[in-house]
Amino acid sequence: MSYPIVQLKSGRSIHTRNRHPWIFKGAIEHFPSFAEGDILAVQDSDGRHLGHGYFTTTQSIAGRMLNFDHSDPLESVTCNLEQAITFRGSLFGPDTTAYRLVNGEADGLPGLIVDQYNTVLVVQHNTRGMDKLRDVLMHELIRLVNPTAIFEHSTSATRTKE
């Protein structure tokens, strides 16, 4: 799938090249036409592809990266979710029944928090971009975790502003 391109200003791509998940509004040279929270391809000022992220024009953190390569961003989301769940599963034994399953940027899923309490998941979509990925995320959480219930609690200050 082809995504509209957001271009960064000259000299402002170093953080993205170093895999920092945030792109600040001041680093952006040009926004394409898009809806708040849409996924865009990211290019440096020389037109080199840096990855994909979802974007907003209403916050100082305008972009949140989903990948840093040419792979499909939706596949990156599902892969990162599976890796986070597998990793947390390797840390805790069967006696641990409550823990953070997904920790946002640390798991390559900026704006997403998932806590597990026994067989129930509590999900926070803290950004408009993650909210737009809700259907993909819910499908994958059900497939990977098979919870008895999923409770959504998306009331963070950032989400409210967006």
# chains A, B, ... in the order shown; residues from 1 in each chain; ligands from 1
call {"tool": "select_by_dssp", "arguments": {"residues": "chain A", "states": "alpha helix (DSSP H)", "output": "number ranges by chain"}}
result
A: 14-17, 73-91, 128-132, 134-145, 157-161
call {"tool": "residues_around", "arguments": {"residues": "segment 39-48 of chain A", "least_positions_apart": "5", "cutoff": "12 Å", "atoms": "only C-alpha atoms", "output": "CSV table (one decimal) with C-alpha atoms, in the first residue's frame"}}
result
chain,number,residue,atom,x,y,z
A,1,MET,CA,0.0,0.0,0.0
A,2,SER,CA,1.2,3.5,-0.8
A,3,TYR,CA,1.0,6.2,1.9
A,4,PRO,CA,1.1,10.0,1.5
A,5,ILE,CA,4.6,11.5,2.3
A,6,VAL,CA,5.5,13.9,5.1
A,7,GLN,CA,8.9,15.5,4.5
A,8,LEU,CA,11.2,16.6,7.2
A,9,LYS,CA,13.3,19.8,7.2
A,10,SER,CA,16.9,19.8,6.3
A,11,GLY,CA,19.0,18.7,9.2
A,12,ARG,CA,16.0,17.5,11.2
A,13,SER,CA,16.1,13.7,10.4
A,14,ILE,CA,18.9,12.7,12.8
A,15,HIS,CA,16.5,11.7,15.6
A,16,THR,CA,14.4,9.6,13.3
A,17,ARG,CA,17.4,8.0,11.7
A,21,PRO,CA,9.7,7.4,17.9
A,22,TRP,CA,8.6,11.0,18.0
A,23,ILE,CA,8.7,13.7,15.3
A,27,ALA,CA,10.9,19.2,12.2
A,28,ILE,CA,8.3,19.0,9.4
A,29,GLU,CA,8.9,20.8,6.2
A,30,HIS,CA,5.7,19.7,4.4
A,31,PHE,CA,2.5,17.8,5.4
A,32,PRO,CA,0.5,16.2,2.6
A,33,SER,CA,-3.3,16.3,2.7
A,34,PHE,CA,-4.4,13.8,5.4
A,53,GLY,CA,4.3,6.9,11.4
A,54,TYR,CA,0.9,8.3,12.2
A,55,PHE,CA,0.5,12.1,12.4
A,56,THR,CA,-1.5,15.0,13.8
A,62,ALA,CA,3.2,15.6,15.3
A,63,GLY,CA,4.3,12.2,14.4
A,64,ARG,CA,4.8,8.8,16.1
A,65,MET,CA,6.8,6.3,14.2
A,66,LEU,CA,5.5,2.7,13.6
A,67,ASN,CA,8.5,1.5,11.8
A,68,PHE,CA,11.9,2.6,10.4
A,69,ASP,CA,12.0,0.7,7.2
A,70,HIS,CA,10.0,0.0,4.0
A,71,SER,CA,7.8,-2.7,5.6
A,72,ASP,CA,4.1,-2.3,5.7
A,73,PRO,CA,3.2,-0.2,8.9
A,74,LEU,CA,0.2,-2.4,9.7
A,77,VAL,CA,2.0,-3.0,14.3
A,128,ARG,CA,-5.8,9.5,17.6
A,129,GLY,CA,-3.4,7.4,15.5
A,130,MET,CA,-3.6,4.4,17.8
A,131,ASP,CA,-7.4,4.9,18.1
A,132,LYS,CA,-7.6,4.5,14.3
A,133,LEU,CA,-5.8,1.2,14.6
call {"tool": "closest_residue", "arguments": {"among": "A:Asn103, A:Ser76, A:Asn126, A:Thr155", "to": "Arg88 of chain A", "atoms": "only C-alpha atoms"}}
result
A:Asn103
call {"tool": "atom_distance", "arguments": {"atom1": "atom CA of Ile61 of chain A", "atom2": "atom CA of Phe24 of chain A"}}
result
4.5 Å
call {"tool": "closest_residue", "arguments": {"among": "A:His153, A:Asn146, A:His52, A:Leu91", "to": "Gly108 of chain A", "atoms": "only C-alpha atoms"}}
result
A:His52
call {"tool": "select_by_dssp", "arguments": {"residues": "chain A", "states": "strand (DSSP E)", "output": "ChimeraX atom specification"}}
result
/A:5-8,22-24,28-30,39-43,49-55,61-67,98-103,112-117,120-125,149-152
call {"tool": "residues_around", "arguments": {"residues": "Ala106 of chain A", "least_positions_apart": "4", "cutoff": "10 Å", "atoms": "only C-alpha atoms", "output": "PyMOL selection string"}}
result
chain A and resi 21+84+102+110
call {"tool": "write_last_selection", "arguments": {"atoms": "C-alpha atoms", "output": "mmCIF file, in the first residue's frame"}}
result
data_model
loop_
_atom_site.group_PDB
_atom_site.id
_atom_site.type_symbol
_atom_site.label_atom_id
_atom_site.label_comp_id
_atom_site.auth_asym_id
_atom_site.auth_seq_id
_atom_site.Cartn_x
_atom_site.Cartn_y
_atom_site.Cartn_z
ATOM 1 C CA PRO A 21 9.748 7.358 17.856
ATOM 2 C CA ALA A 84 5.625 -7.455 23.154
ATOM 3 C CA VAL A 102 2.283 -3.465 26.064
ATOM 4 C CA PRO A 110 3.512 4.545 20.463
#
